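File shown: input.csv (CSV, C-alpha atoms).
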chain,number,residue,atom,x,y,z
O,249,MET,CA,109.3,64.4,92.2
O,250,GLU,CA,106.0,64.4,90.3
O,251,LEU,CA,102.8,64.6,92.4
O,252,GLU,CA,101.4,61.6,90.6
O,253,GLN,CA,104.3,59.4,91.7
O,254,ILE,CA,103.9,60.5,95.3
O,255,TRP,CA,100.2,59.7,95.2
O,256,ASN,CA,100.8,56.2,93.7
O,257,ARG,CA,103.2,55.3,96.5
O,258,GLN,CA,100.6,55.3,99.2
O,259,LEU,CA,99.3,52.0,100.6
O,260,VAL,CA,96.2,51.2,102.6
O,261,SER,CA,97.6,50.7,106.1
O,262,ASP,CA,96.4,48.2,108.8
O,263,LYS,CA,94.7,51.0,110.6
O,264,GLU,CA,92.5,51.8,107.5
O,265,ASN,CA,91.8,48.0,107.1
O,266,ASP,CA,90.2,48.1,110.5
O,267,TRP,CA,87.5,50.3,109.0
O,268,LEU,CA,86.4,47.1,107.2
O,269,SER,CA,86.0,45.0,110.3
O,270,ARG,CA,82.8,43.1,110.8
O,271,GLU,CA,81.7,45.7,113.4
O,272,ALA,CA,82.4,48.6,111.1
O,273,LEU,CA,80.6,47.0,108.2
O,274,GLY,CA,77.6,46.3,110.4
O,275,ALA,CA,77.6,49.7,112.0
O,276,PHE,CA,76.7,51.7,108.8
O,277,ARG,CA,73.5,49.8,108.2
O,278,THR,CA,72.0,51.1,111.4
O,279,ARG,CA,73.5,54.5,110.8
O,280,TYR,CA,71.7,57.7,110.1
O,281,ALA,CA,73.8,59.9,107.7
O,282,ALA,CA,72.7,63.4,108.4
O,283,GLY,CA,72.9,65.5,105.2
O,284,VAL,CA,73.4,69.2,104.8
O,285,MET,CA,69.6,69.6,104.2
O,286,ARG,CA,68.6,67.9,107.4
O,287,PRO,CA,68.2,71.2,109.4
O,288,LYS,CA,65.9,72.5,106.7
O,289,HIS,CA,63.7,69.3,107.0
O,290,ARG,CA,63.6,69.8,110.7
O,291,LEU,CA,62.6,73.5,110.3
O,292,LEU,CA,59.8,72.6,108.0
O,293,VAL,CA,58.4,69.9,110.3
O,294,PHE,CA,58.6,72.3,113.2
O,295,ASP,CA,56.8,75.0,111.2
O,296,ILE,CA,54.0,72.6,110.2
O,297,ILE,CA,53.5,71.7,113.9
O,298,TYR,CA,53.7,75.4,114.9
O,299,LYS,CA,51.1,76.3,112.3
O,300,ALA,CA,48.9,73.5,113.5
O,301,ILE,CA,49.2,74.8,117.1
O,302,VAL,CA,48.1,78.3,115.9
O,303,VAL,CA,45.1,76.9,114.1
O,304,LEU,CA,44.2,74.7,117.1
O,305,GLY,CA,44.6,77.7,119.5
O,306,GLN,CA,42.4,79.9,117.4
O,307,VAL,CA,39.7,77.2,117.1
O,308,VAL,CA,39.8,76.6,120.9
O,309,LEU,CA,39.4,80.4,121.4
O,310,LEU,CA,36.3,80.3,119.2
O,311,PHE,CA,34.6,77.8,121.4
O,312,ILE,CA,35.7,78.9,124.9
O,313,GLY,CA,34.4,82.4,124.5
O,314,GLU,CA,31.3,83.9,123.0
O,315,ILE,CA,30.9,82.8,119.3
O,316,SER,CA,30.5,85.9,117.2
O,317,LEU,CA,30.4,86.3,113.4
O,318,PHE,CA,33.6,88.4,113.6
O,319,LYS,CA,35.5,85.7,115.6
O,320,ALA,CA,34.3,82.9,113.4
O,321,GLY,CA,35.4,84.9,110.3
O,322,ILE,CA,38.9,85.5,111.8
O,323,THR,CA,39.2,81.9,112.8
O,324,ILE,CA,38.2,80.7,109.3
O,325,LEU,CA,40.7,83.2,107.7
O,326,ILE,CA,43.6,82.2,110.0
O,327,SER,CA,42.9,78.5,109.7
O,328,GLY,CA,42.5,78.7,105.9
O,329,GLY,CA,45.6,80.8,105.5
O,330,MET,CA,47.7,78.5,107.8
O,331,ALA,CA,46.4,75.4,105.9
O,332,LEU,CA,47.5,76.9,102.6
O,333,LEU,CA,50.9,77.7,104.0
O,334,MET,CA,51.2,74.2,105.5
O,335,VAL,CA,50.6,72.8,102.0
O,336,GLN,CA,53.6,74.9,100.9
O,337,ASP,CA,55.7,73.6,103.7
O,338,PHE,CA,54.8,70.0,102.7
O,339,ARG,CA,55.8,70.8,99.1
O,340,LEU,CA,59.2,72.1,100.3
O,341,LYS,CA,59.6,69.0,102.4
O,342,SER,CA,59.0,66.7,99.5
O,343,ALA,CA,61.4,68.8,97.4
O,344,ILE,CA,64.1,68.0,100.0
O,345,GLN,CA,63.5,64.2,99.6
O,346,SER,CA,64.0,64.5,95.8
O,347,LEU,CA,67.5,65.8,96.4
O,348,ASP,CA,68.5,62.3,97.5
O,349,THR,CA,68.5,61.1,93.8
O,350,PRO,CA,72.1,60.2,92.9
O,351,ARG,CA,73.5,62.7,90.4
O,352,ASP,CA,76.9,63.9,89.2
O,353,LEU,CA,78.5,66.5,91.5
O,354,ILE,CA,77.7,69.6,89.6
O,355,SER,CA,74.0,68.5,89.1
O,356,THR,CA,73.7,67.7,92.8
O,357,LEU,CA,75.1,71.1,93.8
O,358,LYS,CA,72.9,72.9,91.3
O,359,GLU,CA,69.8,71.0,92.7
O,360,GLN,CA,70.8,72.0,96.2
O,361,TYR,CA,71.3,75.6,95.1
O,362,ARG,CA,67.9,75.5,93.3
O,363,PHE,CA,66.3,74.2,96.5
O,364,LEU,CA,68.0,76.6,98.8
O,365,GLN,CA,67.0,79.5,96.6
O,366,ARG,CA,63.4,78.3,96.7
O,367,PHE,CA,63.6,77.5,100.4
O,368,TYR,CA,65.2,80.9,101.2
O,369,ARG,CA,62.6,82.9,99.2
O,370,GLU,CA,59.5,80.9,100.2
O,371,PHE,CA,60.2,79.7,103.8
O,372,LEU,CA,61.3,83.2,105.0
O,373,PRO,CA,57.9,84.8,104.7
O,374,ILE,CA,55.7,81.7,105.3
O,375,GLY,CA,57.8,80.7,108.3
O,376,SER,CA,58.0,84.2,109.8
O,377,ILE,CA,54.3,85.0,109.5
O,378,THR,CA,53.5,82.0,111.8
O,379,HIS,CA,55.1,83.9,114.6
O,380,SER,CA,52.7,86.9,114.1
O,381,PHE,CA,49.7,84.6,114.2
O,382,MET,CA,51.0,82.9,117.3
O,383,VAL,CA,51.4,86.3,119.0
O,384,LEU,CA,47.7,87.1,118.1
O,385,VAL,CA,46.5,83.8,119.5
O,386,GLY,CA,48.7,84.2,122.5
O,387,PHE,CA,47.4,87.7,123.2
O,388,GLN,CA,43.8,86.4,123.0
O,389,PHE,CA,44.5,83.7,125.4
O,390,TYR,CA,46.1,86.1,127.8
O,391,TYR,CA,43.2,88.4,127.6
O,392,PHE,CA,40.7,85.6,128.1
O,393,PHE,CA,42.4,84.2,131.2
O,394,LYS,CA,43.1,87.6,132.6
O,395,TYR,CA,39.7,89.2,132.1
O,396,GLN,CA,37.5,86.2,131.4
O,397,GLU,CA,36.2,87.7,128.2
O,398,ASP,CA,37.0,87.8,124.5
O,399,GLY,CA,39.7,90.3,123.7
O,400,LEU,CA,39.9,90.0,119.9
O,401,VAL,CA,38.1,93.2,119.0
O,402,LEU,CA,39.9,95.2,121.6
O,403,LEU,CA,43.2,93.8,120.6
O,404,LEU,CA,42.6,94.6,117.0
O,405,GLN,CA,41.7,98.2,117.9
O,406,ASP,CA,44.9,98.7,119.8
O,407,PRO,CA,48.0,99.9,117.7
O,408,VAL,CA,50.3,98.2,120.2
O,409,THR,CA,49.0,94.8,119.0
O,410,TYR,CA,50.1,95.6,115.4
O,411,VAL,CA,53.6,96.7,116.7
O,412,PHE,CA,54.0,93.2,118.2
O,413,LEU,CA,52.5,91.5,115.2
O,414,ILE,CA,55.0,93.3,112.9
O,415,LEU,CA,57.9,92.6,115.2
O,416,ALA,CA,57.1,88.9,115.4
O,417,PHE,CA,57.3,88.8,111.7
O,418,VAL,CA,60.3,91.1,111.1
O,419,VAL,CA,62.7,89.8,113.7
O,420,PRO,CA,62.8,86.1,112.6
O,421,PHE,CA,62.7,87.2,108.9
O,422,VAL,CA,65.8,89.4,109.2
O,423,VAL,CA,67.7,86.8,111.4
O,424,ASN,CA,66.9,83.9,109.0
O,425,LYS,CA,67.6,86.0,105.9
O,426,MET,CA,71.2,86.7,107.1
O,427,THR,CA,71.7,82.9,107.7
O,428,TYR,CA,70.3,81.9,104.4
O,429,THR,CA,72.2,84.5,102.5
O,430,ALA,CA,75.4,83.3,104.0
O,431,GLU,CA,74.5,79.7,103.2
O,432,LEU,CA,73.7,80.5,99.5
O,433,LYS,CA,76.9,82.5,99.1
O,434,GLU,CA,78.9,79.6,100.5
O,435,LEU,CA,77.3,77.2,98.1
O,436,GLU,CA,77.8,79.6,95.2
O,437,GLN,CA,81.5,79.6,96.0
O,438,ILE,CA,81.7,75.8,96.0
O,439,ILE,CA,79.9,75.5,92.6
O,440,ASP,CA,82.0,78.3,91.1
O,441,ILE,CA,84.9,76.5,89.5
O,442,GLY,CA,85.3,79.2,86.8
O,443,LEU,CA,83.1,77.6,84.1
O,444,ASP,CA,80.8,79.9,82.2
O,445,GLU,CA,78.3,77.2,81.6
O,446,VAL,CA,77.9,76.5,85.3
O,447,SER,CA,77.8,80.2,86.2
O,448,SER,CA,75.0,81.0,83.7
O,449,GLU,CA,72.9,78.1,84.9
O,450,ILE,CA,73.2,79.4,88.5
O,451,ASP,CA,72.1,82.8,87.3
O,452,LEU,CA,69.1,81.2,85.6
O,453,ILE,CA,68.1,79.3,88.7
O,454,ARG,CA,68.3,82.5,90.7
O,455,ILE,CA,65.9,84.4,88.3
O,456,LYS,CA,63.4,81.4,88.0
O,457,GLU,CA,63.2,81.1,91.8
O,458,LYS,CA,62.8,84.8,92.2
O,459,ASN,CA,59.7,84.7,89.9
O,460,ARG,CA,58.3,81.7,91.8
O,461,ALA,CA,58.8,83.5,95.1
O,462,ARG,CA,56.8,86.4,93.8
O,463,ARG,CA,53.7,84.2,93.5
O,464,ILE,CA,54.1,83.1,97.2
O,465,LEU,CA,54.5,86.7,98.2
O,466,PHE,CA,51.3,87.5,96.3
O,467,VAL,CA,49.4,84.8,98.2
O,468,LEU,CA,50.7,86.1,101.5
O,469,LEU,CA,49.8,89.7,100.7
O,470,ALA,CA,46.3,88.5,99.6
O,471,LEU,CA,45.9,86.7,102.9
O,472,ALA,CA,47.0,89.7,104.9
O,473,GLY,CA,44.8,92.0,102.8
O,474,LEU,CA,41.8,89.8,103.3
O,475,LEU,CA,42.3,89.8,107.0
O,476,ALA,CA,42.8,93.6,107.1
O,477,LEU,CA,39.7,94.2,105.0
O,478,PHE,CA,37.7,91.9,107.2
O,479,VAL,CA,38.9,93.8,110.3
O,480,ILE,CA,38.4,97.2,108.8
O,481,LEU,CA,34.9,96.4,107.6
O,482,PHE,CA,33.9,95.0,111.0
O,483,LEU,CA,35.4,98.0,112.9
O,484,ILE,CA,33.6,100.5,110.6
O,485,THR,CA,30.2,98.8,111.0
E,174,MET,CA,72.4,43.1,95.7
E,175,ASN,CA,72.3,41.3,99.0
E,176,GLU,CA,74.4,42.0,102.1
E,177,ALA,CA,77.1,39.6,101.2
E,178,ASP,CA,77.5,41.0,97.7
E,179,PHE,CA,77.6,44.5,99.1
E,180,ASP,CA,80.2,43.6,101.7
E,181,LYS,CA,82.3,42.0,98.9
E,182,LEU,CA,82.0,45.1,96.8
E,183,VAL,CA,83.0,47.4,99.6
E,184,ARG,CA,86.1,45.2,100.4
E,185,GLU,CA,87.1,45.3,96.8
E,186,HIS,CA,86.8,49.1,96.5
E,187,HIS,CA,87.5,50.3,100.0
E,188,GLY,CA,90.8,51.8,99.0
E,189,LEU,CA,89.0,54.2,96.7
E,190,ILE,CA,86.5,55.2,99.5
E,191,TRP,CA,89.4,55.6,101.9
E,192,LYS,CA,91.2,58.0,99.5
E,193,VAL,CA,88.0,60.1,99.2
E,194,CYS,CA,87.9,60.4,103.0
E,195,LYS,CA,91.6,61.3,103.3
E,196,THR,CA,91.3,63.8,100.5
E,197,PHE,CA,88.5,65.7,102.2
E,198,PHE,CA,89.4,65.5,105.8
E,199,ARG,CA,92.7,65.6,107.7
E,200,ASN,CA,91.2,64.5,111.0
E,201,GLU,CA,91.0,60.7,111.5
E,202,GLU,CA,87.6,60.9,113.3
E,203,ASP,CA,86.1,62.9,110.4
E,204,GLN,CA,87.6,60.5,107.9
E,205,LYS,CA,86.1,57.5,109.7
E,206,ASP,CA,82.8,59.3,110.0
E,207,LEU,CA,82.8,60.0,106.3
E,208,PHE,CA,83.7,56.5,105.5
E,209,GLN,CA,80.7,55.2,107.4
E,210,ASP,CA,78.5,57.8,105.8
E,211,ILE,CA,79.6,56.8,102.3
E,212,LEU,CA,79.0,53.1,103.1
E,213,TYR,CA,75.5,54.1,104.3
E,214,LYS,CA,74.7,56.1,101.2
E,215,LEU,CA,76.1,53.3,98.9
E,216,TRP,CA,73.9,50.8,100.8
E,217,LYS,CA,70.9,53.0,100.5
E,218,GLY,CA,71.5,53.7,96.8
E,219,LYS,CA,72.6,50.2,95.8
E,220,ASP,CA,69.4,49.7,93.7
E,221,SER,CA,70.2,52.9,91.8
E,222,PHE,CA,73.4,51.3,90.5
E,223,GLN,CA,73.1,50.7,86.8
E,224,GLN,CA,75.3,47.9,85.4
E,225,GLN,CA,76.2,49.9,82.3
E,226,SER,CA,78.3,52.4,84.3
E,227,LYS,CA,81.5,51.4,86.1
E,228,VAL,CA,81.3,50.4,89.8
E,229,SER,CA,84.1,52.9,90.5
E,230,THR,CA,82.2,55.7,88.8
E,231,TRP,CA,79.1,54.9,90.9
E,232,ILE,CA,81.2,54.8,94.1
E,233,TYR,CA,83.0,58.1,93.3
E,234,ARG,CA,79.7,59.8,92.5
E,235,ILE,CA,78.1,58.9,95.8
E,236,GLY,CA,81.3,59.2,97.8
E,237,LEU,CA,82.3,62.6,96.5
E,238,ASN,CA,78.8,63.9,96.8
E,239,GLN,CA,78.7,62.8,100.4
E,240,ALA,CA,82.2,64.3,101.0
E,241,ILE,CA,81.2,67.7,99.7
E,242,ASP,CA,78.0,67.6,101.7
E,243,LYS,CA,80.0,66.8,104.9
E,244,THR,CA,82.5,69.5,104.1
E,245,ARG,CA,79.7,72.0,104.0
E,246,MET,CA,78.2,70.7,107.3
E,247,LYS,CA,81.6,71.1,108.9
E,248,LYS,CA,81.8,74.7,107.5
E,249,LYS,CA,85.3,73.9,106.4
E,250,GLY,CA,86.5,76.4,103.8
E,251,LEU,CA,90.0,77.0,102.5
E,252,VAL,CA,92.5,76.1,105.2
E,253,SER,CA,96.0,77.1,105.8
E,254,LEU,CA,98.6,74.9,107.2
E,255,SER,CA,97.8,74.7,110.8
E,256,GLU,CA,99.9,73.7,113.8
E,257,ALA,CA,98.2,70.4,114.0
E,258,ASN,CA,99.0,69.7,110.3
E,259,ALA,CA,102.6,70.6,110.9
E,260,LEU,CA,102.7,68.2,113.8
E,261,ASP,CA,101.4,65.4,111.6
E,262,LEU,CA,104.1,66.2,109.1
E,263,ALA,CA,106.8,66.3,111.7
E,264,THR,CA,105.8,62.8,112.8
E,265,ALA,CA,105.6,61.6,109.2
E,266,LYS,CA,109.0,62.9,108.4
E,267,THR,CA,110.6,59.9,110.0
E,268,ARG,CA,109.7,58.1,106.8
E,269,GLN,CA,110.2,60.0,103.5
E,270,THR,CA,107.3,58.3,101.7
E,271,GLU,CA,104.8,59.1,104.4
E,272,TYR,CA,106.2,62.6,104.7
E,273,ASP,CA,105.7,63.2,100.9
E,274,ILE,CA,102.2,61.7,100.9
E,275,GLU,CA,101.1,63.7,104.0
E,276,ALA,CA,102.5,66.9,102.4
E,277,LEU,CA,100.6,66.1,99.3
E,278,TYR,CA,97.4,65.6,101.2
E,279,GLN,CA,97.9,68.9,103.0
E,280,ALA,CA,98.4,70.7,99.7
E,281,ILE,CA,95.2,69.1,98.4
E,282,ASP,CA,93.4,70.2,101.5
E,283,GLN,CA,93.9,73.8,100.4
E,284,LEU,CA,91.9,73.3,97.2
E,285,LYS,CA,88.2,74.0,96.9
E,286,PRO,CA,85.9,70.9,97.3
E,287,LEU,CA,85.2,70.5,93.5
E,288,GLU,CA,88.9,70.9,92.7
E,289,LYS,CA,89.7,68.2,95.3
E,290,ALA,CA,87.2,65.9,93.6
E,291,LEU,CA,88.8,66.6,90.2
E,292,ILE,CA,92.4,66.1,91.3
E,293,LEU,CA,91.5,62.9,93.2
E,294,LEU,CA,90.0,61.4,90.1
E,295,TYR,CA,93.0,62.5,88.1
E,296,LEU,CA,95.5,61.1,90.5
E,297,GLU,CA,93.5,57.8,90.6
E,298,GLN,CA,94.1,57.7,86.8
E,299,GLU,CA,90.4,57.8,85.9
E,300,THR,CA,89.8,58.6,82.2
E,301,TYR,CA,88.7,62.1,81.3
E,302,ARG,CA,85.4,60.5,80.2
E,303,ASP,CA,84.8,59.0,83.6
E,304,ILE,CA,85.9,62.2,85.4
E,305,ALA,CA,83.4,64.2,83.3
E,306,GLU,CA,80.7,61.7,84.2
E,307,VAL,CA,81.3,61.9,87.9
E,308,ILE,CA,81.8,65.7,88.0
E,309,GLY,CA,79.1,66.6,85.5
E,310,ILE,CA,81.2,68.8,83.1
E,311,SER,CA,82.4,68.2,79.5
E,312,GLU,CA,85.6,66.3,78.9
E,313,LYS,CA,87.1,69.4,77.4
E,314,ASN,CA,86.4,71.4,80.5
E,315,VAL,CA,87.9,68.5,82.6
E,316,SER,CA,91.2,68.9,80.7
E,317,VAL,CA,91.2,72.7,81.0
E,318,LYS,CA,90.4,72.6,84.7
E,319,LEU,CA,93.0,69.9,85.5
E,320,VAL,CA,95.8,71.9,83.9
E,321,ARG,CA,95.0,74.8,86.2
E,322,ILE,CA,94.4,72.7,89.3
E,323,LYS,CA,97.7,70.8,88.8
E,324,GLU,CA,99.6,74.1,88.7
E,325,LYS,CA,97.8,75.3,91.8
E,326,LEU,CA,98.5,72.0,93.6
E,327,LYS,CA,102.2,72.1,92.8
E,328,GLY,CA,102.4,75.6,94.2
E,329,TYR,CA,100.6,74.5,97.4
E,330,TYR,CA,102.8,71.4,97.7
E,331,LEU,CA,106.0,73.5,97.5
E,332,ASN,CA,104.6,75.9,100.0
E,333,VAL,CA,103.8,73.1,102.5
E,334,ILE,CA,107.4,71.8,102.1
E,335,LYS,CA,108.9,75.3,102.4
E,336,HIS,CA,106.7,76.0,105.5
E,337,LEU,CA,108.1,72.9,107.2
E,338,GLU,CA,111.6,73.6,106.4
E,339,GLN,CA,111.3,77.2,107.7
E,340,HIS,CA,109.8,75.8,111.0
E,341,GLY,CA,112.6,73.2,111.3
E,342,THR,CA,110.4,70.1,111.3
Structure re-expressed in structure tokens:
Amino acid sequence: MELEQIWNRQLVSDKENDWLSREALGAFRTRYAAGVMRPKHRLLVFDIIYKAIVVLGQVVLLFIGEISLFKAGITILISGGMALLMVQDFRLKSAIQSLDTPRDLISTLKEQYRFLQRFYREFLPIGSITHSFMVLVGFQFYYFFKYQEDGLVLLLQDPVTYVFLILAFVVPFVVNKMTYTAELKELEQIIDIGLDEVSSEIDLIRIKEKNRARRILFVLLALAGLLALFVILFLIT
Amino acid sequence: MNEADFDKLVREHHGLIWKVCKTFFRNEEDQKDLFQDILYKLWKGKDSFQQQSKVSTWIYRIGLNQAIDKTRMKKKGLVSLSEANALDLATAKTRQTEYDIEALYQAIDQLKPLEKALILLYLEQETYRDIAEVIGISEKNVSVKLVRIKEKLKGYYLNVIKHLEQHGT
């Protein structure tokens, strides 16, 4: 028997008709349909709050201890850097909202792929670096409450601090990279229906997003470089 | 479109939404869940519906997008015929028609998400033009892909039947 004939013999049963009951039709209006991008949205909101806590912590530290030019400089650099990265978080967040526009299936998947490539390349460093700054702020608070004095200078002179700062960046970076790589691969497999036109567009998206991510990396390196320069200059003088 | 118009539209086209759900999920809870999700997305996107395109095309576009989205959330890749599937079929065998339809759905279940969408639209006798519009590929590519998917599906269907015969259900 032909598959088409089998297909055409199916009827909507009473059970499925129940799905159209008054209750069922009323239920979806109050429903919240979680999409595949929902966890990314949550991560971005969490990261924005996390960055705000870091900034707040650093500002509080500035005022509870002795105000020095060095501490003020570090606070300005951390707050400015975090604010810049928060803007990037907000941009990613609004990019998620634009994914809701109804499109054909391939276009929807391509847009999701474009977004995931962007998210993967941008959020990995800007999300991971927050942990490092949180560690720095945390160490300062610990030092302040333990010894009732500012520990920023001492902390920045101690190589152990840098080990923790690097670990706080590297660990989430590596863990998230594995997750995102798997997610991108899975999406690539869904889009790949053996059409050259689709495959080449996917390649193009990958290259474009790679270039865009380089700019973000440059901003992050500039921020880290500025901080390092500031610390070195202070320690020398 | 007000609530009454929307409810009317859903009642008129619910068979189509129901088939999308059955094509993408074999578990009744998941099917119901997807059904509600599709209604929600249709309701949310009702203002995006342009009168120049067919209602069915609009519903398929939103329904299939949601189905693929949900498939990804469920992390459901290619599946083989599981014991649970075999049990469903054993129950369905009491009536030949149900048995054939269930076997067909289980064969479709082994296709990739986009292939499922293509075959569903084909089986629902949508024109190549409408299929191209929903999927987002050219009509020529629709015809090329369908030839391959139909071959694949026939193979899967025969395997499902063979599997059941071997297991004595």
List as an MDAnalysis selection string the residues having at least one atom at most 12 Å from position (75.0, 73.2, 92.7) as given in the file, counting only C-alpha atoms.
(chainID O and resid 347 351:365 432:441 446:451 453:454) or (chainID E and resid 238 241:242 287 308:309)
Nearby residues (only C-alpha atoms) at most 10 Å from Leu471 of chain O, same-chain spacing under 2 positions excluded, as a VMD selection string
chain O and resid 325 to 326 328 to 330 332 465 to 469 473 to 477
If the cut-off is 7 Å, can you tell me the residues of chain E near chain O, counting all atoms listed in the file? I'd like them as a ChimeraX atom specification.
/E:188,209-210,212-213,234-235,238,242,245-246,273-274,285-287,296,306-309
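Between atom CA of Ile324 of chain O and atom CA of Glu370 of chain O there is a distance of 23.2 Å.
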Near segment 378-386 of chain O, within 10 Å and counting only C-alpha atoms, which residues show up once chain neighbours fewer than 4 positions away are dropped, as a PyMOL selection string?
chain O and resi 295-296+298-309+326+330+333+373-374+390-392+400+403-404+409-410+412-420
Interatomic distance between atom CA of Arg290 of chain O and atom CA of Gln345 of chain O?
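Value for the atom CA of Arg290 of chain O-atom CA of Gln345 of chain O distance: 12.4 Å.
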Could you check which of E:Thr300, E:Asn314, E:Ala276, E:Ser229 is closest to His336 of chain E, using all atoms listed in the file?
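Of E:Thr300, E:Asn314, E:Ala276, E:Ser229, the one nearest His336 of chain E is E:Ala276, counting all atoms listed in the file.
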Interatomic distance between atom CA of Leu207 of chain E and atom CA of Lys243 of chain E?
7.5 Å
Counting only C-alpha atoms, the option among O:Ile315, O:Ile484, O:Ile297, O:Ala470 closest to Asp398 of chain O
O:Ile315
Could you name the residues that touch Lys289 of chain E at 12 Å or less, counting only C-alpha atoms, but leaving out those on the same chain fewer than 3 positions away, as a VMD selection string?
(chain O and resid 353 438 441) or (chain E and resid 192 to 198 237 to 238 240 to 241 244 251 277 to 286 292 to 296 308 318 to 319 322 to 323 325 to 326)
Mind writing the picked residues with C-alpha atoms as a compact mmCIF listing (two decimals), in the frame of the given file?
# COMPACT_ATOMS: atom_id res chain seq x y z
CA LEU O 353 78.50 66.50 91.50
CA ILE O 438 81.70 75.80 96.00
CA ILE O 441 84.90 76.50 89.50
CA LYS E 192 91.20 58.00 99.50
CA VAL E 193 88.00 60.10 99.20
CA CYS E 194 87.90 60.40 103.00
CA LYS E 195 91.60 61.30 103.30
CA THR E 196 91.30 63.80 100.50
CA PHE E 197 88.50 65.70 102.20
CA PHE E 198 89.40 65.50 105.80
CA LEU E 237 82.30 62.60 96.50
CA ASN E 238 78.80 63.90 96.80
CA ALA E 240 82.20 64.30 101.00
CA ILE E 241 81.20 67.70 99.70
CA THR E 244 82.50 69.50 104.10
CA LEU E 251 90.00 77.00 102.50
CA LEU E 277 100.60 66.10 99.30
CA TYR E 278 97.40 65.60 101.20
CA GLN E 279 97.90 68.90 103.00
CA ALA E 280 98.40 70.70 99.70
CA ILE E 281 95.20 69.10 98.40
CA ASP E 282 93.40 70.20 101.50
CA GLN E 283 93.90 73.80 100.40
CA LEU E 284 91.90 73.30 97.20
CA LYS E 285 88.20 74.00 96.90
CA PRO E 286 85.90 70.90 97.30
CA ILE E 292 92.40 66.10 91.30
CA LEU E 293 91.50 62.90 93.20
CA LEU E 294 90.00 61.40 90.10
CA TYR E 295 93.00 62.50 88.10
CA LEU E 296 95.50 61.10 90.50
CA ILE E 308 81.80 65.70 88.00
CA LYS E 318 90.40 72.60 84.70
CA LEU E 319 93.00 69.90 85.50
CA ILE E 322 94.40 72.70 89.30
CA LYS E 323 97.70 70.80 88.80
CA LYS E 325 97.80 75.30 91.80
CA LEU E 326 98.50 72.00 93.60
List every protein, DNA or RNA residue that has an atom no more than 9 Å from (64.7, 85.8, 107.5) in the file's coordinate frame, counting all atoms listed in the file, and report them as a PyMOL selection string.
chain O and resi 368+371-373+375-376+418-428
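The residue that comes closest to Glu324 of chain E, out of E:Glu288, E:Glu176, E:Glu338, E:Glu297 and on the basis of only C-alpha atoms, is E:Glu288.
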